[in-house]
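Student: One file: work34.txt (compact mmCIF, C-alpha atoms (C1' of nucleotides)).
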```
# COMPACT_ATOMS: atom_id res chain seq x y z
CA MET A 23 103.20 78.68 75.25
CA LYS A 24 100.06 77.43 76.92
CA TYR A 25 99.50 76.17 80.43
CA THR A 26 97.99 72.74 80.89
CA ILE A 27 96.39 71.08 83.85
CA VAL A 28 98.83 68.18 83.59
CA ASP A 29 101.86 70.47 83.77
CA HIS A 30 100.28 72.27 86.67
CA ILE A 31 99.90 69.04 88.60
CA GLN A 32 103.33 67.70 87.62
CA ARG A 33 104.89 70.80 89.15
CA GLN A 34 103.58 69.67 92.54
CA VAL A 35 103.53 65.89 92.55
CA ASP A 36 105.06 63.03 90.57
CA LEU A 37 102.61 61.49 88.15
CA ASN A 38 103.55 58.24 86.53
CA ALA A 39 102.76 57.55 82.88
CA GLU A 40 99.38 55.93 83.53
CA ALA A 41 98.22 58.67 85.86
CA SER A 42 98.98 61.45 83.41
CA ARG A 43 97.51 59.45 80.52
CA ASP A 44 94.29 58.83 82.49
CA LEU A 45 94.17 62.46 83.47
CA GLU A 46 94.52 63.59 79.87
CA GLY A 47 91.71 61.19 79.08
CA ILE A 48 89.19 63.09 81.21
CA LEU A 49 90.23 66.62 80.24
CA VAL A 50 87.80 68.69 78.24
CA ASN A 51 89.12 71.75 76.39
CA ARG A 52 86.69 74.57 76.02
CA LEU A 53 86.52 78.16 74.82
CA VAL A 54 84.43 80.58 76.82
CA ARG A 55 83.44 84.06 75.66
CA LYS A 56 83.43 87.18 77.78
CA ARG A 57 80.31 87.45 80.00
CA GLN A 58 79.51 83.77 79.51
CA PHE A 59 78.69 81.73 82.64
CA ILE A 60 80.34 78.38 83.33
CA VAL A 61 78.43 77.93 86.60
CA GLN A 62 74.97 79.22 87.49
CA PRO A 63 72.84 79.06 90.66
CA GLY A 64 70.45 76.14 90.70
CA PHE A 65 72.59 73.82 88.59
CA ALA A 66 75.21 71.57 90.17
CA CYS A 67 78.77 72.61 89.48
CA THR A 68 79.88 69.41 87.78
CA HIS A 69 83.42 70.48 86.85
CA GLN A 70 86.54 72.07 88.17
CA THR A 71 87.80 74.59 85.67
CA TYR A 72 91.47 75.27 85.01
CA VAL A 73 92.18 78.60 83.30
CA GLN A 74 94.62 78.34 80.38
CA LYS A 75 93.97 81.84 79.11
CA GLY A 76 91.66 84.63 80.23
CA SER A 77 90.02 85.37 83.56
CA PHE A 78 86.95 84.56 85.63
CA ARG A 79 85.18 85.53 88.75
CA GLY A 80 82.86 83.59 91.06
CA TYR A 81 80.22 85.59 92.88
CA LEU A 82 77.02 85.37 94.86
CA VAL A 83 74.01 87.55 94.18
CA THR A 84 71.88 88.10 97.27
CA ALA A 85 68.15 88.79 97.47
CA ASP A 86 68.67 92.56 97.41
CA GLY A 87 70.66 92.27 94.18
CA THR A 88 74.09 92.86 95.69
CA GLU A 89 77.05 90.94 94.26
CA HIS A 90 79.70 89.37 96.48
CA THR A 91 82.81 88.05 94.79
CA VAL A 92 84.31 84.91 96.30
CA GLN A 93 87.17 84.29 93.93
CA PHE A 94 89.00 85.51 90.86
CA ALA A 95 90.94 83.22 88.58
CA ILE A 96 93.52 84.00 85.91
CA GLU A 97 95.96 81.80 83.97
CA ASP A 98 97.08 78.66 85.83
CA TRP A 99 94.35 78.91 88.49
CA PHE A 100 91.35 76.71 89.21
CA ILE A 101 87.84 78.00 89.72
CA SER A 102 84.43 76.54 90.58
CA ASP A 103 81.59 76.84 93.06
CA PHE A 104 83.56 74.59 95.33
CA HIS A 105 80.78 73.85 97.80
CA SER A 106 78.50 72.80 94.96
CA TYR A 107 81.31 70.82 93.34
CA ILE A 108 82.32 68.68 96.30
CA PHE A 109 78.80 68.01 97.58
CA GLN A 110 77.36 67.84 94.05
CA GLU A 111 74.50 70.08 95.11
CA PRO A 112 72.97 73.01 93.24
CA ALA A 113 75.34 75.95 92.95
CA THR A 114 74.71 79.26 94.68
CA LEU A 115 77.37 81.14 92.76
CA PHE A 116 77.77 82.50 89.29
CA VAL A 117 81.12 81.84 87.65
CA GLU A 118 81.54 84.21 84.74
CA ALA A 119 84.28 84.87 82.17
CA LEU A 120 85.68 88.39 82.47
CA GLU A 121 87.44 88.01 79.10
CA ASP A 122 87.35 85.60 76.19
CA SER A 123 89.01 82.57 77.75
CA ALA A 124 90.34 79.07 77.17
CA VAL A 125 89.90 76.46 79.89
CA GLN A 126 90.39 72.80 80.67
CA GLN A 127 87.66 71.12 82.68
CA ILE A 128 87.58 67.93 84.69
CA GLU A 129 84.38 66.36 85.88
CA TYR A 130 83.65 65.48 89.49
CA SER A 131 82.93 61.75 89.02
CA HIS A 132 85.99 61.31 86.79
CA VAL A 133 88.20 63.04 89.33
CA GLU A 134 86.88 60.87 92.14
CA THR A 135 87.52 57.73 90.08
CA LEU A 136 91.07 58.78 89.25
CA CYS A 137 91.75 59.66 92.86
CA LYS A 138 90.83 56.09 93.79
CA THR A 139 93.03 54.63 91.06
CA HIS A 140 96.05 56.90 91.45
CA HIS A 141 97.34 57.70 94.89
CA SER A 142 99.41 60.52 93.38
CA LEU A 143 96.28 62.34 92.20
CA GLU A 144 94.57 61.89 95.54
CA HIS A 145 97.70 63.41 97.05
CA PHE A 146 97.63 66.36 94.68
CA PHE A 147 94.01 67.17 95.41
CA ARG A 148 94.63 66.91 99.13
CA LEU A 149 97.45 69.45 98.86
CA VAL A 150 95.31 71.81 96.81
CA ALA A 151 92.40 71.62 99.22
CA GLN A 152 94.66 72.14 102.22
CA LYS A 153 96.33 75.20 100.75
CA SER A 154 93.00 76.60 99.65
CA PHE A 155 91.63 76.15 103.14
CA ALA A 156 94.66 77.78 104.74
CA PHE A 157 94.38 80.83 102.49
CA SER A 158 90.65 81.02 102.96
CA GLN A 159 91.17 81.20 106.74
CA LYS A 160 93.74 83.96 106.23
CA ARG A 161 91.23 85.89 104.18
CA ILE A 162 88.61 85.69 106.92
CA LEU A 163 91.17 87.11 109.31
CA SER A 164 92.30 89.89 107.03
CA ASN A 165 88.71 90.94 106.49
CA PHE A 166 88.40 91.28 110.26
CA GLU A 167 91.68 92.88 111.13
CA MET A 168 92.08 95.36 108.28
CA GLN A 169 89.75 98.09 107.23
CA ALA A 170 88.68 98.80 103.68
CA GLU A 171 91.65 100.88 102.58
CA GLU A 172 94.20 98.46 104.02
CA ARG A 173 92.42 95.52 102.40
CA PHE A 174 92.56 97.26 99.06
CA LEU A 175 96.25 98.14 99.32
CA PHE A 176 97.03 94.62 100.50
CA PHE A 177 95.17 93.08 97.58
CA LYS A 178 96.84 95.43 95.12
CA LYS A 179 100.24 94.46 96.45
CA GLN A 180 99.54 90.73 96.56
CA TYR A 181 97.71 90.40 93.23
CA PRO A 182 98.74 93.34 91.03
CA GLN A 183 97.91 91.46 87.80
CA ILE A 184 94.38 90.83 89.02
CA GLU A 185 93.82 94.34 90.34
CA ALA A 186 94.77 95.72 86.94
CA ARG A 187 92.58 93.31 85.01
CA VAL A 188 89.23 93.13 86.75
CA PRO A 189 86.47 95.74 86.79
CA GLN A 190 86.36 97.86 89.91
CA TYR A 191 82.87 96.89 90.93
CA ALA A 192 84.07 93.28 90.96
CA LEU A 193 87.06 94.11 93.11
CA ALA A 194 84.88 96.18 95.44
CA SER A 195 82.56 93.23 95.90
CA TYR A 196 85.57 91.01 96.63
CA LEU A 197 86.83 93.43 99.26
CA GLY A 198 83.35 93.64 100.77
CA ILE A 199 82.73 97.32 100.08
CA SER A 200 80.56 99.37 97.73
CA PRO A 201 81.96 100.43 94.34
CA GLU A 202 81.50 104.07 95.34
CA PHE A 203 83.57 103.62 98.44
CA LEU A 204 86.36 101.88 96.53
CA SER A 205 86.47 104.84 94.20
CA LYS A 206 86.87 107.17 97.17
CA ILE A 207 89.59 105.01 98.65
CA LYS A 208 91.57 105.14 95.41
CA ARG A 209 91.29 108.89 95.25
CA ASN A 210 92.63 109.26 98.77
CA SER A 211 95.42 106.71 98.54
CA THR A 212 96.79 107.99 95.21
CA GLN A 213 96.84 111.66 96.17
CA SER A 214 99.02 110.90 99.19
CA THR A 215 101.62 108.96 97.16
CA MET B 24 81.82 56.80 126.15
CA LYS B 25 84.71 58.68 124.62
CA TYR B 26 85.31 59.81 121.08
CA THR B 27 88.49 58.69 119.38
CA ILE B 28 90.24 59.91 116.28
CA VAL B 29 90.15 56.41 114.80
CA ASP B 30 86.38 56.15 115.19
CA HIS B 31 86.02 59.58 113.72
CA ILE B 32 87.94 58.58 110.62
CA GLN B 33 86.27 55.16 110.31
CA ARG B 34 82.92 56.94 110.12
CA GLN B 35 84.04 58.54 106.85
CA VAL B 36 86.38 56.11 105.14
CA ASP B 37 87.27 52.42 105.33
CA LEU B 38 90.51 51.83 107.16
CA ASN B 39 92.04 48.39 106.94
CA ALA B 40 93.69 46.77 109.97
CA GLU B 41 97.19 48.07 109.21
CA ALA B 42 96.03 51.61 108.61
CA SER B 43 94.15 51.85 111.88
CA ARG B 44 96.99 50.16 113.75
CA ASP B 45 99.55 52.59 112.28
CA LEU B 46 97.26 55.48 113.08
CA GLU B 47 96.92 54.37 116.69
CA GLY B 48 100.69 54.17 116.77
CA ILE B 49 101.12 57.91 116.16
CA LEU B 50 98.34 59.14 118.45
CA VAL B 51 99.31 61.07 121.53
CA ASN B 52 96.74 61.42 124.31
CA ARG B 53 96.96 64.59 126.31
CA LEU B 54 95.10 66.49 129.01
CA VAL B 55 94.91 70.25 128.68
CA ARG B 56 93.76 72.58 131.42
CA LYS B 57 91.50 75.58 130.98
CA ARG B 58 93.36 78.64 129.66
CA GLN B 59 96.32 76.54 128.56
CA PHE B 60 97.68 77.11 125.05
CA ILE B 61 98.32 74.25 122.68
CA VAL B 62 99.52 76.59 119.92
CA GLN B 63 101.26 79.93 120.28
CA PRO B 64 102.47 82.55 117.78
CA GLY B 65 106.10 82.14 116.82
CA PHE B 66 106.20 78.37 117.27
CA ALA B 67 105.27 76.02 114.44
CA CYS B 68 102.02 74.20 114.94
CA THR B 69 103.37 70.68 114.79
CA HIS B 70 100.15 68.80 115.52
CA GLN B 71 96.55 68.52 114.56
CA THR B 72 94.45 68.27 117.68
CA TYR B 73 91.31 66.17 117.97
CA VAL B 74 89.03 67.13 120.86
CA GLN B 75 87.79 64.17 122.92
CA LYS B 76 86.38 66.26 125.71
CA GLY B 77 86.27 69.99 126.36
CA SER B 78 86.51 72.97 124.04
CA PHE B 79 89.03 75.24 122.37
CA ARG B 80 89.29 78.39 120.36
CA GLY B 81 91.87 79.57 117.84
CA TYR B 82 92.41 83.30 117.59
CA LEU B 83 94.67 86.01 116.27
CA VAL B 84 95.80 88.96 118.35
CA THR B 85 96.58 92.02 116.25
CA ALA B 86 99.02 94.84 116.99
CA ASP B 87 96.32 96.94 118.67
CA GLY B 88 95.52 94.08 121.04
CA THR B 89 92.23 93.05 119.42
CA GLU B 90 91.36 89.35 119.32
CA HIS B 91 89.89 87.72 116.23
CA THR B 92 88.56 84.19 116.61
CA VAL B 93 89.06 81.92 113.61
CA GLN B 94 87.62 78.69 114.93
CA PHE B 95 85.99 76.99 117.87
CA ALA B 96 86.26 73.27 118.53
CA ILE B 97 84.24 71.01 120.79
CA GLU B 98 84.03 67.21 121.10
CA ASP B 99 84.75 65.31 117.86
CA TRP B 100 86.28 68.35 116.08
CA PHE B 101 89.82 69.07 114.95
CA ILE B 102 91.66 72.28 115.67
CA SER B 103 95.06 73.81 114.83
CA ASP B 104 96.64 76.85 113.24
CA PHE B 105 96.10 75.21 109.91
CA HIS B 106 98.29 77.53 107.88
CA SER B 107 101.17 76.96 110.26
CA TYR B 108 100.48 73.23 110.32
CA ILE B 109 100.51 72.56 106.60
CA PHE B 110 103.42 74.84 105.76
CA GLN B 111 105.25 74.02 109.00
CA GLU B 112 105.90 77.70 109.55
CA PRO B 113 105.62 79.71 112.77
CA ALA B 114 102.04 80.03 113.95
CA THR B 115 100.22 83.36 114.03
CA LEU B 116 97.34 82.09 116.15
CA PHE B 117 96.79 81.17 119.74
CA VAL B 118 94.87 77.96 120.32
CA GLU B 119 93.60 77.94 123.88
CA ALA B 120 91.51 75.55 125.96
CA LEU B 121 88.21 77.11 127.08
CA GLU B 122 87.66 74.26 129.56
CA ASP B 123 89.69 71.43 131.05
CA SER B 124 90.00 69.15 128.03
CA ALA B 125 91.21 65.80 126.74
CA VAL B 126 92.67 65.59 123.26
CA GLN B 127 94.39 63.26 120.83
CA GLN B 128 97.18 64.73 118.76
CA ILE B 129 98.84 63.62 115.56
CA GLU B 130 102.08 65.08 114.34
CA TYR B 131 102.57 66.58 110.90
CA SER B 132 105.46 64.38 109.75
CA HIS B 133 103.76 61.22 111.00
CA VAL B 134 100.55 62.13 109.20
CA GLU B 135 102.42 62.79 105.97
CA THR B 136 104.19 59.45 106.26
CA LEU B 137 100.94 57.59 106.88
CA CYS B 138 99.26 59.38 103.98
CA LYS B 139 101.99 58.02 101.72
CA THR B 140 101.62 54.50 103.08
CA HIS B 141 97.83 54.32 103.26
CA HIS B 142 95.78 55.62 100.39
CA SER B 143 92.70 55.50 102.65
CA LEU B 144 94.22 58.06 105.02
CA GLU B 145 95.27 60.33 102.19
CA HIS B 146 91.67 60.09 101.03
CA PHE B 147 90.32 60.99 104.45
CA PHE B 148 92.50 64.04 104.78
CA ARG B 149 91.55 65.18 101.30
CA LEU B 150 87.86 64.98 102.21
CA VAL B 151 88.42 66.90 105.43
CA ALA B 152 90.39 69.65 103.72
CA GLN B 153 87.83 69.97 100.94
CA LYS B 154 84.91 70.27 103.34
CA SER B 155 86.81 72.72 105.49
CA PHE B 156 87.57 74.84 102.47
CA ALA B 157 83.95 74.78 101.29
CA PHE B 158 82.69 75.92 104.69
CA SER B 159 85.38 78.53 104.99
CA GLN B 160 84.24 80.03 101.68
CA LYS B 161 80.67 80.04 102.93
CA ARG B 162 81.77 81.90 106.01
CA ILE B 163 83.46 84.61 103.97
CA LEU B 164 80.22 85.05 102.07
CA SER B 165 78.03 85.15 105.14
CA ASN B 166 80.26 87.77 106.69
CA PHE B 167 79.66 89.89 103.60
CA GLU B 168 76.00 89.33 103.01
CA MET B 169 74.64 89.40 106.56
CA GLN B 170 74.93 92.11 109.11
CA ALA B 171 75.93 91.61 112.70
CA GLU B 172 72.53 90.63 114.12
CA GLU B 173 71.81 88.16 111.34
CA ARG B 174 75.25 86.61 111.71
CA PHE B 175 74.66 86.14 115.41
CA LEU B 176 71.23 84.56 114.97
CA PHE B 177 72.58 82.36 112.21
CA PHE B 178 75.46 81.17 114.37
CA LYS B 179 73.14 80.55 117.32
CA LYS B 180 70.88 78.44 115.15
CA GLN B 181 73.68 76.51 113.48
CA TYR B 182 75.86 75.91 116.54
CA PRO B 183 73.64 76.19 119.63
CA GLN B 184 75.98 74.04 121.75
CA ILE B 185 78.89 76.33 120.98
CA GLU B 186 76.95 79.55 121.51
CA ALA B 187 75.95 78.31 124.96
CA ARG B 188 79.43 77.22 125.92
CA VAL B 189 81.85 79.94 124.87
CA PRO B 190 82.39 83.35 126.48
CA GLN B 191 80.66 86.21 124.72
CA TYR B 192 83.78 88.17 123.97
CA ALA B 193 85.05 85.10 122.12
CA LEU B 194 81.86 84.78 120.12
CA ALA B 195 81.87 88.52 119.36
CA SER B 196 85.41 88.22 118.02
CA TYR B 197 84.31 85.26 115.87
CA LEU B 198 81.40 87.26 114.46
CA GLY B 199 83.70 90.20 113.80
CA ILE B 200 82.05 92.66 116.18
CA SER B 201 82.89 94.27 119.51
CA PRO B 202 81.72 92.57 122.73
CA GLU B 203 79.66 95.67 123.59
CA PHE B 204 77.81 95.49 120.33
CA LEU B 205 77.04 91.80 120.76
CA SER B 206 75.57 92.60 124.13
CA LYS B 207 73.31 95.22 122.53
CA ILE B 208 72.27 92.81 119.79
CA LYS B 209 71.25 90.21 122.36
CA ARG B 210 69.21 92.74 124.27
CA ASN B 211 67.31 93.75 121.13
CA SER B 212 66.77 90.28 119.72
CA THR B 213 65.51 88.77 122.99
CA GLN B 214 63.05 91.55 123.83
CA SER B 215 61.31 91.13 120.47
CA THR B 216 60.78 87.35 120.92
C1' DC C 22 83.13 87.46 151.12
C1' DG C 23 86.20 89.96 148.32
C1' DT C 24 88.59 90.32 144.04
C1' DC C 25 89.00 89.85 139.31
C1' DT C 26 87.01 89.30 134.97
C1' DA C 27 83.02 89.44 131.94
C1' DT C 28 78.92 91.75 130.55
C1' DT C 29 75.79 95.61 130.15
C1' DT C 30 74.58 100.41 129.32
C1' DG C 31 74.85 104.99 127.39
C1' DA C 32 76.88 108.92 124.78
C1' DA C 33 79.78 110.52 121.24
C1' DT C 34 82.18 109.24 117.04
C1' DG C 35 83.66 107.04 112.74
C1' DT C 36 83.60 104.06 108.89
C1' DA C 37 81.23 102.73 105.21
C1' DC C 38 76.57 102.86 102.78
C1' DT C 39 72.67 104.73 100.00
C1' DC C 40 70.91 107.65 96.72
C1' DA C 41 71.28 110.77 93.03
C1' DA C 42 73.69 112.83 89.48
C1' DA C 43 77.70 113.78 86.52
C1' DA C 44 81.62 112.33 84.02
C1' DG C 45 84.37 108.91 81.58
C1' DC C 46 85.01 105.00 78.57
C1' DG C 47 84.09 101.43 75.17
C1' DG C 48 81.73 99.26 71.74
C1' DT C 49 78.71 99.46 67.71
C1' DG C 50 76.38 101.17 63.79
C1' DG C 51 75.66 104.62 60.46
C1' DC D 8 85.75 107.47 61.49
C1' DC D 9 82.74 109.75 64.21
C1' DA D 10 78.53 109.77 67.07
C1' DC D 11 75.77 107.77 70.12
C1' DC D 12 74.29 104.61 73.69
C1' DG D 13 75.05 101.91 77.69
C1' DC D 14 77.81 100.70 81.34
C1' DT D 15 81.40 101.83 84.75
C1' DT D 16 83.48 105.08 87.67
C1' DT D 17 83.47 109.37 90.19
C1' DT D 18 81.59 112.86 93.32
C1' DG D 19 78.87 114.74 97.00
C1' DA D 20 75.32 114.93 100.66
C1' DG D 21 72.85 112.66 104.08
C1' DT D 22 72.44 108.44 106.89
C1' DA D 23 73.07 103.95 109.30
C1' DC D 24 75.58 100.40 111.42
C1' DA D 25 79.00 99.50 114.47
C1' DT D 26 82.94 101.33 117.39
C1' DT D 27 85.26 103.56 121.28
C1' DC D 28 85.41 105.10 125.79
C1' DA D 29 83.84 105.28 130.37
C1' DA D 30 81.25 103.64 134.03
C1' DA D 31 78.03 100.48 136.34
C1' DT D 32 76.56 95.83 137.17
C1' DA D 33 76.85 90.98 137.32
C1' DG D 34 79.31 86.50 137.72
C1' DA D 35 83.04 83.32 138.76
C1' DC D 36 86.51 81.67 141.61
C1' DG D 37 89.48 81.30 145.44
```
Translate this structure into structure tokens?
Tutor:
Amino acid sequence: MKYTIVDHIQRQVDLNAEASRDLEGILVNRLVRKRQFIVQPGFACTHQTYVQKGSFRGYLVTADGTEHTVQFAIEDWFISDFHSYIFQEPATLFVEALEDSAVQQIEYSHVETLCKTHHSLEHFFRLVAQKSFAFSQKRILSNFEMQAEERFLFFKKQYPQIEARVPQYALASYLGISPEFLSKIKRNSTQST
Amino acid sequence: MKYTIVDHIQRQVDLNAEASRDLEGILVNRLVRKRQFIVQPGFACTHQTYVQKGSFRGYLVTADGTEHTVQFAIEDWFISDFHSYIFQEPATLFVEALEDSAVQQIEYSHVETLCKTHHSLEHFFRLVAQKSFAFSQKRILSNFEMQAEERFLFFKKQYPQIEARVPQYALASYLGISPEFLSKIKRNSTQST
DNA sequence: CGTCTATTTGAATGTACTCAAAAGCGGTGG
DNA sequence: CCACCGCTTTTGAGTACATTCAAATAGACG
């Protein structure tokens, strides 16, 4: 049984027949292979990507070559370089498949058009953006108030499926620590269990 | 000449006569004195607050007594405990006036009602949430990729009015460093100018 | 002018990083 | 099916960025 973007939206708001038909009309199904990029720095992020199967991560690579993960996405999640997407400016992030994946994509201009036509879709995207913002604020706070080990344990508890599925260097760069240090944290926190 | 919430919104989207009239109908004008709280942990954040005059900060106080500033707001900005506001759950933040201030407030349930009635308002609040989310993501990244001194200089450059207006301990807690360390940073970065 | 709070300064400490090297694991070809 | 190669994870030693604590100084407000 596969997830679809329409089901995902229907779970949160009521879409009438025309809205869901129009939405289906702009969906693009796509297969993405492991290590393939769906967003790259320098090119505008033209689509929002809904993960049907597989997993992704979005990350920044700084001048010194360090990676900083902004977001992971697994089944039933959206991913993009959101700043690039909403301002339609060149991306700064890479968004890369961590596994062979199946996605549904919707393009910026199509989404904006449908939001004008269907109040229900505008409503949905408002809710999504608001929740995303709220959680993003929480993440800023947890990065401040917890130290590395607590952040790791918290993440592991909150997103066990993700912790088990992503490479450790990716998780380290999400937590804001070096891969070596994450390794040391794991050693210490398992031995005391 | 004073800012108003209606002007603020009109600058971004077209409001017809009914929408702006209905919006005016739910506005509550309020004066807030320095050091007064408009949001406190334990109580739901029922309103979004638009700053007409003055300044505010939103911050978390952790178990060990440390403060962590999430957001500042000056004239023409909104502030709230956004997580509490959108989920209508008890707040975790304090939102406190840094100066004697004048604000306009809109209540959650009224906003939701107006968003249903007026597509233009739903659109406005989607745009706001999306931009807020995009900038929040950027902030997470800049906390990772820059170290304390860079973060300070970046903030000073991007928000000079705020840097000049808020107490240093508040700015330190926004940057995620101790007040002592911010003091040392300032000493070093001014002497080399 | 005195009191209270905010900022500065310095010394000792800790958390997390860098660098280098070894060990583990997975995929691919012979 | 095993062997090898490359990439990821682990380990350890030395180091750097930022913290804590304590005390002195400066500013704000009544």
Student: D:DC11: which residues within 12 Å, counting all atoms listed in the file, same-chain residues fewer than 3 positions away excluded, as a list in words?
Tutor: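 Contacts, with the query itself left out: DG47, DG48, DT49, DG50 and DG51 of chain C.
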Student: Report as a tab-separated table: every residue of chain C with an atom at most 10 Å from stretch 199-206 of chain A, its closest pair of atoms, and their distance in Å to one decimal, counting all atoms listed in the file, with rows sorted by chain and ascending residue number.
Tutor:
```
residue	atom	partner	partner_atom	distance
C:DA37	C1'	A:Phe203	CA	7.2
C:DC38	C1'	A:Ser200	CA	7.3
C:DT39	C1'	A:Ser200	CA	9.8
```
Student: Find the spatial neighbours of A:Leu136, counting only C-alpha atoms (C1' of nucleotides), within a cut-off of 9 Å - ignore same-chain residues fewer than 5 positions away - and output them as a short mmCIF file (atom, residue, chain, number, x, y, z; two decimals) with C-alpha atoms, in the coordinates of the input.
Tutor:
```
data_model
loop_
_atom_site.label_atom_id
_atom_site.label_comp_id
_atom_site.auth_asym_id
_atom_site.auth_seq_id
_atom_site.Cartn_x
_atom_site.Cartn_y
_atom_site.Cartn_z
CA ALA A 41 98.22 58.67 85.86
CA ASP A 44 94.29 58.83 82.49
CA LEU A 45 94.17 62.46 83.47
CA SER A 131 82.93 61.75 89.02
CA HIS A 141 97.34 57.70 94.89
CA LEU A 143 96.28 62.34 92.20
CA GLU A 144 94.57 61.89 95.54
#
```
Student: Give as a ChimeraX atom specification every residue of chain A that touches chain B within 10 Å, counting only C-alpha atoms.
Tutor: /A:81-86,88-93,103-109,137-142,144-168,195-199
Student: Nearest residue to chain C out of B:Thr115, B:Pro190, B:Pro64, B:Ile208, using only C-alpha atoms (C1' of nucleotides)?
Tutor: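 Between B:Thr115, B:Pro190, B:Pro64, B:Ile208, the residue approaching chain C most closely is B:Pro190.
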Student: Between atom CA of A:Ile31 and atom CA of A:Glu129, what is the spacing in Å?
Tutor: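 Interatomic distance, atom CA of A:Glu129 to atom CA of A:Ile31: 16.0 Å.
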Student: So, with only C-alpha atoms (C1' of nucleotides) as the atoms that count, which of C:DC46, C:DC40, C:DC22, C:DA27 lies closest to chain B?
Tutor: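 Counting only C-alpha atoms (C1' of nucleotides), the residue closest to chain B is C:DA27.
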Student: Set the distance at 12 Å and use all atoms listed in the file: which residues neighbour D:DA30 once local chain neighbours fewer than 6 positions away are removed? I'd like the list as a list of chain:residue names.
Tutor: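 Residues meeting the cut-off are C:DT29, C:DT30, C:DG31, C:DA32.
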Student: Interatomic distance between atom CA of A:Ile27 and atom CA of A:Glu118?
Tutor: 19.8 Å
Student: Per residue of chain D within 10 Å of chain B, record the nearest atom pair and its distance in Å to one decimal, counting all atoms listed in the file, with rows in chain order and ascending residue number, as CSV.
Tutor:
```
residue,atom,partner,partner_atom,distance
D:DC24,C1',B:Gln170,CA,8.6
D:DA25,C1',B:Phe204,CA,7.2
D:DT26,C1',B:Ser201,CA,7.4
D:DT27,C1',B:Ser201,CA,9.7
```
